[in-house]
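J.: Following this line is query_28.cif, made up of mmCIF, C-alpha atoms:
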data_model
#
loop_
_atom_site.label_atom_id
_atom_site.label_comp_id
_atom_site.auth_asym_id
_atom_site.auth_seq_id
_atom_site.Cartn_x
_atom_site.Cartn_y
_atom_site.Cartn_z
CA MET A 1 3.88 6.68 12.94
CA GLU A 2 6.25 4.22 11.33
CA SER A 3 7.10 4.30 7.66
CA LEU A 4 4.09 4.20 5.37
CA VAL A 5 6.14 2.18 2.88
CA LEU A 6 6.82 -0.62 5.36
CA ARG A 7 3.21 -0.47 6.55
CA ALA A 8 1.89 -0.81 2.97
CA LEU A 9 4.32 -3.65 2.29
CA LEU A 10 3.17 -5.49 5.42
CA VAL A 11 -0.51 -5.03 4.52
CA TYR A 12 0.18 -6.26 0.97
CA VAL A 13 1.84 -9.42 2.26
CA LEU A 14 -0.86 -10.10 4.87
CA ILE A 15 -3.74 -9.53 2.45
CA PHE A 16 -2.00 -11.70 -0.11
CA ILE A 17 -1.61 -14.55 2.38
CA ILE A 18 -5.25 -14.26 3.51
CA LEU A 19 -6.66 -14.22 -0.03
CA ARG A 20 -4.26 -16.94 -1.19
CA MET A 21 -5.31 -19.18 1.68
CA ALA A 22 -8.97 -18.52 0.90
CA GLY A 23 -8.50 -20.45 -2.33
CA LYS A 24 -8.98 -19.76 -6.00
CA ARG A 25 -12.71 -19.52 -6.03
CA THR A 26 -12.67 -16.25 -4.10
CA LEU A 27 -10.74 -14.52 -6.85
CA GLY A 28 -11.97 -16.23 -9.98
CA GLU A 29 -15.62 -17.08 -9.65
CA MET A 30 -16.77 -14.06 -7.71
CA THR A 31 -20.25 -14.22 -6.29
CA ALA A 32 -22.19 -11.27 -4.90
CA PHE A 33 -21.09 -12.29 -1.42
CA ASP A 34 -17.43 -12.39 -2.48
CA LEU A 35 -17.78 -8.89 -3.92
CA VAL A 36 -19.24 -7.60 -0.64
CA LEU A 37 -16.39 -9.32 1.22
CA LEU A 38 -13.78 -7.63 -0.97
CA LEU A 39 -15.42 -4.23 -0.55
CA ILE A 40 -15.39 -4.60 3.24
CA ILE A 41 -11.78 -5.77 3.16
CA SER A 42 -10.78 -2.73 1.10
CA GLU A 43 -12.45 -0.43 3.64
CA ALA A 44 -10.67 -2.13 6.54
CA VAL A 45 -7.35 -2.06 4.72
CA GLN A 46 -7.64 1.65 4.01
CA ASN A 47 -7.43 2.45 7.71
CA ALA A 48 -4.54 0.06 8.22
CA LEU A 49 -2.64 1.54 5.30
CA LEU A 50 -2.92 5.25 6.00
CA ASP A 51 -3.52 5.44 9.77
CA GLY A 52 -4.62 9.07 9.87
CA ASP A 53 -2.16 10.28 7.25
CA HIS A 54 -4.28 12.36 4.90
CA SER A 55 -1.45 13.85 2.88
CA ILE A 56 -1.16 13.40 -0.88
CA THR A 57 2.49 12.43 -0.41
CA GLY A 58 1.45 9.65 1.97
CA SER A 59 -1.19 8.32 -0.41
CA MET A 60 1.26 8.38 -3.32
CA LEU A 61 3.86 6.52 -1.27
CA VAL A 62 1.33 3.80 -0.45
CA ILE A 63 0.27 3.50 -4.09
CA ILE A 64 3.87 3.39 -5.34
CA THR A 65 4.72 0.76 -2.72
CA LEU A 66 1.82 -1.47 -3.76
CA VAL A 67 2.43 -1.08 -7.52
CA PHE A 68 6.18 -1.54 -7.18
CA THR A 69 5.71 -4.64 -5.02
CA ASP A 70 3.32 -6.02 -7.61
CA VAL A 71 5.88 -5.42 -10.38
CA MET A 72 8.59 -7.11 -8.31
CA VAL A 73 6.34 -10.09 -7.55
CA SER A 74 5.60 -10.46 -11.29
CA PHE A 75 9.37 -10.42 -11.96
CA GLY A 76 9.83 -13.08 -9.30
CA THR A 77 7.09 -15.33 -10.64
CA ASN A 78 8.55 -14.97 -14.12
CA LYS A 79 12.03 -15.97 -12.95
CA SER A 80 11.13 -18.81 -10.58
CA ARG A 81 8.61 -21.57 -11.24
CA LEU A 82 8.50 -22.42 -7.54
CA PHE A 83 7.76 -18.81 -6.59
CA ASP A 84 5.11 -18.68 -9.31
CA ASN A 85 3.48 -21.81 -7.90
CA ILE A 86 3.51 -20.36 -4.39
CA VAL A 87 2.18 -16.94 -5.39
CA ASN A 88 -0.25 -17.81 -8.16
CA GLY A 89 -1.03 -21.44 -7.38
CA ILE A 90 -1.18 -24.27 -9.86
CA PRO A 91 -3.81 -25.26 -12.43
CA LEU A 92 -5.96 -28.27 -11.54
CA ILE A 93 -7.80 -30.70 -13.80
CA ILE A 94 -11.30 -31.11 -12.40
CA LEU A 95 -12.94 -33.06 -15.22
CA GLU A 96 -11.44 -35.64 -17.53
CA ASN A 97 -13.16 -37.32 -20.49
CA GLY A 98 -16.58 -36.16 -19.41
CA LYS A 99 -16.15 -37.47 -15.87
CA PRO A 100 -15.92 -34.89 -13.08
CA LEU A 101 -13.17 -35.61 -10.56
CA LEU A 102 -15.38 -35.16 -7.53
CA ASP A 103 -12.72 -35.42 -4.84
CA ARG A 104 -10.76 -32.58 -6.42
CA MET A 105 -13.88 -30.53 -7.00
CA LYS A 106 -14.84 -30.93 -3.37
CA LYS A 107 -11.41 -29.71 -2.27
CA VAL A 108 -11.66 -26.55 -4.39
CA ARG A 109 -15.33 -26.02 -3.50
CA LEU A 110 -16.70 -26.34 -7.03
CA GLN A 111 -19.92 -27.96 -8.21
CA GLU A 112 -20.74 -29.62 -11.51
CA ASP A 113 -22.95 -26.63 -12.23
CA ASP A 114 -19.87 -24.38 -12.17
CA ILE A 115 -18.22 -26.51 -14.87
CA LEU A 116 -21.40 -26.60 -16.96
CA GLU A 117 -21.74 -22.84 -16.65
CA ALA A 118 -18.16 -22.33 -17.87
CA ALA A 119 -18.78 -24.81 -20.69
CA ARG A 120 -21.91 -22.97 -21.80
CA ARG A 121 -20.31 -19.57 -21.51
CA THR A 122 -16.98 -20.24 -23.22
CA GLN A 123 -17.73 -23.10 -25.64
CA GLY A 124 -21.47 -23.24 -26.01
CA LEU A 125 -21.54 -26.85 -24.78
CA GLU A 126 -24.60 -28.49 -23.30
CA SER A 127 -23.44 -31.45 -21.25
CA MET A 128 -20.49 -32.96 -19.40
CA GLU A 129 -20.05 -35.61 -22.10
CA GLN A 130 -18.98 -32.96 -24.56
CA ILE A 131 -16.07 -31.87 -22.35
CA LYS A 132 -12.68 -33.55 -22.64
CA TYR A 133 -10.99 -31.56 -19.90
CA ALA A 134 -12.07 -28.87 -17.48
CA VAL A 135 -9.20 -27.09 -15.77
CA LEU A 136 -9.38 -24.76 -12.78
CA GLU A 137 -6.75 -22.20 -13.77
CA LYS A 138 -4.39 -20.23 -11.52
CA ASP A 139 -6.65 -17.18 -11.59
CA GLY A 140 -9.68 -19.21 -10.48
CA SER A 141 -11.36 -19.33 -13.88
CA ILE A 142 -12.44 -22.62 -15.46
CA SER A 143 -11.05 -23.54 -18.89
CA ILE A 144 -13.05 -25.97 -20.99
CA ILE A 145 -11.47 -28.19 -23.63
CA PRO A 146 -14.23 -29.86 -25.70
CA PHE A 147 -14.00 -33.12 -27.56
CA HIS A 148 -13.48 -32.69 -31.27
CA LEU A 149 -16.84 -33.09 -32.93
CA ASN A 150 -17.41 -35.76 -35.53
CA LYS A 151 -18.85 -35.33 -39.01
CA GLU A 152 -22.41 -35.98 -37.93
CA GLY A 153 -22.54 -32.96 -35.75
CA LEU A 154 -22.48 -32.33 -32.06
CA THR A 155 -21.97 -35.85 -30.67
CA PRO A 156 -18.56 -36.04 -29.05
CA ASP A 157 -16.24 -38.97 -29.80
CA ILE A 158 -16.54 -40.37 -26.30
CA THR A 159 -20.19 -41.32 -26.74
CA LYS A 160 -19.41 -43.43 -29.83
CA GLY A 161 -17.04 -45.79 -28.02
CA MET B 1 -4.82 2.72 -46.82
CA LYS B 2 -4.99 -1.02 -46.38
CA LYS B 3 -4.77 -2.19 -42.81
CA ASP B 4 -3.72 -5.68 -41.82
CA ILE B 5 -1.81 -7.47 -39.09
CA LYS B 6 1.50 -6.09 -40.42
CA SER B 7 0.46 -2.58 -39.45
CA VAL B 8 0.59 -3.68 -35.83
CA GLU B 9 4.23 -4.68 -36.25
CA GLU B 10 5.05 -1.17 -37.45
CA LEU B 11 4.24 0.01 -33.92
CA TYR B 12 6.84 -2.31 -32.39
CA ALA B 13 9.41 0.50 -32.15
CA ALA B 14 6.93 2.51 -30.09
CA GLN B 15 6.38 -0.54 -27.90
CA GLN B 16 10.11 -0.80 -27.25
CA LYS B 17 10.16 2.85 -26.22
CA GLU B 18 7.27 2.15 -23.88
CA TRP B 19 9.16 -0.76 -22.29
CA ARG B 20 12.18 1.51 -21.77
CA ALA B 21 9.89 4.09 -20.18
CA PHE B 22 8.45 1.39 -17.90
CA ARG B 23 11.91 0.32 -16.74
CA TRP B 24 12.94 3.92 -16.16
CA PHE B 25 9.78 4.53 -14.14
CA TRP B 26 10.26 1.36 -12.06
CA SER B 27 13.77 2.55 -11.20
CA LEU B 28 12.32 5.92 -10.24
CA MET B 29 9.74 4.20 -8.03
CA ALA B 30 12.49 2.19 -6.34
CA CYS B 31 14.45 5.41 -5.66
CA VAL B 32 11.35 7.16 -4.27
CA LEU B 33 10.58 4.21 -2.00
CA LEU B 34 14.16 4.01 -0.77
CA ALA B 35 14.09 7.74 -0.06
CA ALA B 36 10.75 7.33 1.74
CA VAL B 37 12.06 4.49 3.92
CA LEU B 38 15.08 6.61 4.82
CA GLY B 39 12.78 9.48 5.75
CA VAL B 40 13.10 12.03 2.96
CA PHE B 41 9.30 12.41 3.06
CA GLY B 42 9.13 12.34 6.86
CA TYR B 43 9.10 9.62 9.56
CA GLY B 44 12.55 8.12 9.07
CA PHE B 45 16.26 8.25 9.74
CA ILE B 46 16.89 11.35 7.62
CA SER B 47 13.90 13.24 8.95
CA GLU B 48 14.32 12.65 12.66
CA ARG B 49 16.82 15.24 13.89
CA THR B 50 18.16 15.85 17.34
CA TYR B 51 19.73 19.02 18.66
CA THR B 52 21.59 18.89 21.93
CA GLY B 53 22.05 22.13 23.83
CA ALA B 54 23.34 23.06 27.25
CA GLN B 55 20.11 22.39 29.13
CA LEU B 56 17.98 20.52 26.73
CA GLN B 57 17.73 18.14 23.83
CA VAL B 58 15.26 18.79 21.01
CA ALA B 59 13.99 15.94 18.85
CA TYR B 60 12.12 17.32 15.85
CA PRO B 61 11.05 16.17 12.37
CA LYS B 62 12.92 17.80 9.51
CA PHE B 63 10.22 16.71 7.06
CA MET B 64 6.50 16.55 7.74
CA ARG B 65 3.35 15.91 5.73
CA VAL B 66 0.12 17.90 5.64
CA ASP B 67 -2.59 16.38 7.87
CA SER B 68 -0.21 13.85 9.32
CA ASP B 69 0.35 14.24 13.05
CA THR B 70 3.86 14.37 14.43
CA GLN B 71 5.63 15.42 17.62
CA LEU B 72 8.28 17.74 18.89
CA HIS B 73 10.08 16.50 22.01
CA LEU B 74 12.00 18.76 24.36
CA ARG B 75 14.06 16.77 26.85
CA VAL B 76 14.92 19.27 29.51
CA GLN B 77 17.08 19.23 32.61
CA ASP B 78 16.27 21.09 35.78
CA LEU B 79 14.36 24.21 34.79
CA GLY B 80 12.72 24.55 38.18
CA GLN B 81 9.47 26.40 38.83
CA ASN B 82 7.77 28.63 36.29
CA ALA B 83 9.85 27.22 33.45
CA THR B 84 9.11 28.78 30.07
CA VAL B 85 9.39 27.53 26.52
CA GLY B 86 9.14 30.05 23.70
CA ILE B 87 8.11 29.24 20.14
CA ASN B 88 7.93 31.74 17.28
CA GLN B 89 4.30 32.59 16.57
CA ASP B 90 4.67 32.52 12.78
CA TYR B 91 5.44 28.81 13.19
CA LEU B 92 1.67 28.42 13.56
CA ASN B 93 1.13 29.71 10.01
CA LYS B 94 1.62 26.18 8.74
CA VAL B 95 1.31 24.05 11.84
CA LYS B 96 -1.32 23.58 14.51
CA ILE B 97 -0.19 22.61 18.00
CA SER B 98 -2.98 20.26 19.04
CA GLN B 99 -1.72 19.25 22.46
CA ILE B 100 1.15 19.85 24.86
CA VAL B 101 2.16 17.29 27.48
CA PRO B 102 2.52 18.28 30.30
CA GLU B 103 -0.04 21.03 29.93
CA PRO B 104 1.33 24.54 30.38
CA VAL B 105 -0.23 26.65 33.11
CA SER B 106 -0.36 29.67 30.83
CA VAL B 107 0.38 30.87 27.32
CA ALA B 108 1.44 34.45 26.64
CA LEU B 109 2.38 36.35 23.53
CA ASP B 110 5.49 38.52 23.53
CA GLY B 111 6.06 40.06 20.10
CA ASN B 112 6.45 37.13 17.72
CA THR B 113 7.03 34.62 20.51
CA LEU B 114 4.48 32.40 22.16
CA ILE B 115 5.60 31.73 25.72
CA TYR B 116 4.38 28.54 27.35
CA LYS B 117 4.81 28.54 31.12
CA PHE B 118 5.03 25.26 33.06
CA SER B 119 4.56 25.05 36.81
CA TYR B 120 7.56 22.82 37.42
CA VAL B 121 10.00 21.12 35.05
CA ARG B 122 12.79 18.82 36.06
CA ASN B 123 14.52 16.11 34.02
CA GLY B 124 11.65 15.26 31.74
CA VAL B 125 10.22 15.49 28.28
CA ILE B 126 7.83 18.18 27.08
CA THR B 127 5.96 16.94 24.02
CA PHE B 128 4.28 19.19 21.47
CA PHE B 129 1.79 17.30 19.30
CA ILE B 130 1.78 19.12 15.99
CA ASP B 131 -0.48 18.83 12.99
CA PRO B 132 0.88 20.46 9.80
CA TYR B 133 -1.85 21.94 7.61
CA LYS B 134 0.00 23.93 4.93
CA MET B 135 2.73 22.94 2.51
CA GLY B 136 6.13 24.64 2.42
CA SER B 137 9.26 25.31 4.40
CA GLN B 138 9.29 27.11 7.71
CA ARG B 139 11.58 27.95 10.57
CA LEU B 140 11.02 26.75 14.11
CA LYS B 141 12.60 28.98 16.75
CA ILE B 142 12.67 27.68 20.30
CA THR B 143 13.77 29.54 23.40
CA VAL B 144 14.30 27.65 26.64
CA ALA B 145 15.88 29.27 29.70
CA GLY B 146 17.59 31.92 27.59
CA GLU B 147 18.96 29.35 25.13
CA LYS B 148 17.82 30.02 21.56
CA MET B 149 17.81 27.56 18.73
CA SER B 150 16.38 27.54 15.25
CA PHE B 151 15.50 24.71 12.89
CA GLN B 152 14.38 24.61 9.30
CA GLN B 153 11.50 22.25 8.50
CA TYR B 154 9.66 21.30 5.34
CA ILE B 155 6.04 20.19 4.99
CA TYR B 156 5.00 18.06 2.01
CA LEU B 157 1.51 18.30 0.56
#
Show me, as structure tokens, the structure contained in the file I just sent.
T.:
Amino acid sequence: MESLVLRALLVYVLIFIILRMAGKRTLGEMTAFDLVLLLIISEAVQNALLDGDHSITGSMLVIITLVFTDVMVSFGTNKSRLFDNIVNGIPLIILENGKPLLDRMKKVRLQEDDILEAARRTQGLESMEQIKYAVLEKDGSISIIPFHLNKEGLTPDITKG
Amino acid sequence: MKKDIKSVEELYAAQQKEWRAFRWFWSLMACVLLAAVLGVFGYGFISERTYTGAQLQVAYPKFMRVDSDTQLHLRVQDLGQNATVGINQDYLNKVKISQIVPEPVSVALDGNTLIYKFSYVRNGVITFFIDPYKMGSQRLKITVAGEKMSFQQYIYL
């Protein structure tokens, strides 16, 4: 058996590439199916990582390798913007001034309902018109920036113009 | 005692200590991983030892891990018919020999020595597949055609 450290490092890189290529939605907006997928992946990865090595030393080496690699990657993303963009992706505006940017939403596999859900959950908003910007963040979550409300109440500025 | 946001700042010294501890631990992790890659915990440059004798070459692991299979290779020259390989029996206190290739025709016990007899051995490799099951150090004593050798091994948990 080759080194467990190199094996764990290889698995880390491969899993990272696979999940990164799957897109943000897999990580951020996890559905029941995504959860099942991750559970199955973790089972498959376990065999690849340990390959019959049932020793505590072996398990610890794998864990240390994964945690240390994660720490090093976080150092790298902190030092280099380019590396950060590659590893973590970039934020994407998916709605501007109440108007969803449908071409972008299609590319990232999001529906208007996803934006409305995030708006309800994080800001208590009821409709698209109340949203100034919706941003799909690096981690796959959706940030909602509402219009500032006027004195009359809930009507956003955009509907007055 | 009145608590406000300033009380959080009083803990900043502790936070700095924690950061120092983190950095120290990361360095420790790096050292452990480097040692692991080199083979200090088995399966690497430091662990894989070779002994060359008059009639044989023994490739054995210096470090092993519990429940992690490994091998012992004996590269032998012409031992002819009824060649024997002896291994100290107390070696099996911490290690299980799961398979031997080629298969010996017989195994006998002579005192503390297990004697594996092979029908014919000439310029080949005898492989012992071993499965450590107990932690600790142990001595492997091998006897081939009157030549005795002894190696110290260590098994990690």
J.: Env of segment 82-93 of chain A: 7 Å cut, atoms = only C-alpha atoms, seq-sep filter 6 positions within chain, self excluded. Answer as a list in words.
T.: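 Near segment 82-93 of chain A, the qualifying residues are Gly76, Tyr133, Ala134, Val135, Leu136, Glu137 and Lys138 of chain A.
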J.: Please check the contacts: residues of chain A at most 10 Å away from chain B, using all atoms listed in the file, listed as a compact mmCIF listing (two decimals) with C-alpha atoms, keeping the file's coordinate frame.
T.:
# COMPACT_ATOMS: atom_id res chain seq x y z
CA MET A 1 3.88 6.68 12.94
CA GLU A 2 6.25 4.22 11.33
CA SER A 3 7.10 4.30 7.66
CA LEU A 4 4.09 4.20 5.37
CA VAL A 5 6.14 2.18 2.88
CA LEU A 6 6.82 -0.62 5.36
CA LEU A 50 -2.92 5.25 6.00
CA ASP A 51 -3.52 5.44 9.77
CA GLY A 52 -4.62 9.07 9.87
CA ASP A 53 -2.16 10.28 7.25
CA HIS A 54 -4.28 12.36 4.90
CA SER A 55 -1.45 13.85 2.88
CA ILE A 56 -1.16 13.40 -0.88
CA THR A 57 2.49 12.43 -0.41
CA GLY A 58 1.45 9.65 1.97
CA LEU A 61 3.86 6.52 -1.27
CA VAL A 62 1.33 3.80 -0.45
CA ILE A 64 3.87 3.39 -5.34
CA THR A 65 4.72 0.76 -2.72
CA VAL A 67 2.43 -1.08 -7.52
CA PHE A 68 6.18 -1.54 -7.18
CA THR A 69 5.71 -4.64 -5.02
CA VAL A 71 5.88 -5.42 -10.38
CA MET A 72 8.59 -7.11 -8.31
J.: Given the PyMOL selection byres ((chain B and resi 143) around 10) and the file above, list the residues it selects as a VMD selection string.
T.: chain B and resid 84 to 88 113 to 115 141 to 142 144 to 150
J.: Those selected residues, please, written with C-alpha atoms and delivered as a PDB file, in the frame of the given file.
T.:
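As written to disk, again_0.pdb reads:
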ATOM      1  CA  THR B  84       9.110  28.780  30.070  1.00  0.00           C
ATOM      2  CA  VAL B  85       9.390  27.530  26.520  1.00  0.00           C
ATOM      3  CA  GLY B  86       9.140  30.050  23.700  1.00  0.00           C
ATOM      4  CA  ILE B  87       8.110  29.240  20.140  1.00  0.00           C
ATOM      5  CA  ASN B  88       7.930  31.740  17.280  1.00  0.00           C
ATOM      6  CA  THR B 113       7.030  34.620  20.510  1.00  0.00           C
ATOM      7  CA  LEU B 114       4.480  32.400  22.160  1.00  0.00           C
ATOM      8  CA  ILE B 115       5.600  31.730  25.720  1.00  0.00           C
ATOM      9  CA  LYS B 141      12.600  28.980  16.750  1.00  0.00           C
ATOM     10  CA  ILE B 142      12.670  27.680  20.300  1.00  0.00           C
ATOM     11  CA  VAL B 144      14.300  27.650  26.640  1.00  0.00           C
ATOM     12  CA  ALA B 145      15.880  29.270  29.700  1.00  0.00           C
ATOM     13  CA  GLY B 146      17.590  31.920  27.590  1.00  0.00           C
ATOM     14  CA  GLU B 147      18.960  29.350  25.130  1.00  0.00           C
ATOM     15  CA  LYS B 148      17.820  30.020  21.560  1.00  0.00           C
ATOM     16  CA  MET B 149      17.810  27.560  18.730  1.00  0.00           C
ATOM     17  CA  SER B 150      16.380  27.540  15.250  1.00  0.00           C
TER      18      SER B 150
END
J.: Of the candidates A:Ile41, A:Phe33, A:Ile142, A:Val13, which shows the shortest atom-to-atom distance to Asp70 of chain A, using all atoms listed in the file?
T.: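 That would be A:Val13, the residue with the smallest distance to Asp70 of chain A.
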J.: Can you tell me how far atom CA of Thr52 of chain B sits from atom CA of Lys94 of chain B, in Å to one decimal?
T.: 25.0 Å
J.: As an exercise, work out the distance from atom CA of Pro104 of chain B to atom CA of Ser47 of chain B in Å and give it to one decimal place.
T.: 27.3 Å
J.: Where does the PyMOL selection byres ((chain B and resi 130) around 8) land in this file, that is, which residues does it pick, as an MDAnalysis selection string?
T.: chainID B and resid 69:72 95:99 128:129 131:132
J.: Residues picked by the PyMOL selection byres ((chain A and resi 146) around 9) here, as a ChimeraX atom specification?
T.: /A:119,123,125,129-134,144-145,147-149,156
J.: Store the residues of this selection in a file with C-alpha atoms, as a PDB file, in the frame of the given file.
T.:
ATOM      1  CA  ALA A 119     -18.780 -24.810 -20.690  1.00  0.00           C
ATOM      2  CA  GLN A 123     -17.730 -23.100 -25.640  1.00  0.00           C
ATOM      3  CA  LEU A 125     -21.540 -26.850 -24.780  1.00  0.00           C
ATOM      4  CA  GLU A 129     -20.050 -35.610 -22.100  1.00  0.00           C
ATOM      5  CA  GLN A 130     -18.980 -32.960 -24.560  1.00  0.00           C
ATOM      6  CA  ILE A 131     -16.070 -31.870 -22.350  1.00  0.00           C
ATOM      7  CA  LYS A 132     -12.680 -33.550 -22.640  1.00  0.00           C
ATOM      8  CA  TYR A 133     -10.990 -31.560 -19.900  1.00  0.00           C
ATOM      9  CA  ALA A 134     -12.070 -28.870 -17.480  1.00  0.00           C
ATOM     10  CA  ILE A 144     -13.050 -25.970 -20.990  1.00  0.00           C
ATOM     11  CA  ILE A 145     -11.470 -28.190 -23.630  1.00  0.00           C
ATOM     12  CA  PHE A 147     -14.000 -33.120 -27.560  1.00  0.00           C
ATOM     13  CA  HIS A 148     -13.480 -32.690 -31.270  1.00  0.00           C
ATOM     14  CA  LEU A 149     -16.840 -33.090 -32.930  1.00  0.00           C
ATOM     15  CA  PRO A 156     -18.560 -36.040 -29.050  1.00  0.00           C
TER      16      PRO A 156
END
J.: Rounded to one decimal, what separation in Å do you get between atom CA of Ile155 of chain B and atom CA of Ala35 of chain B?
T.: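 Separation between atom CA of Ile155 of chain B and atom CA of Ala35 of chain B: 15.7 Å.
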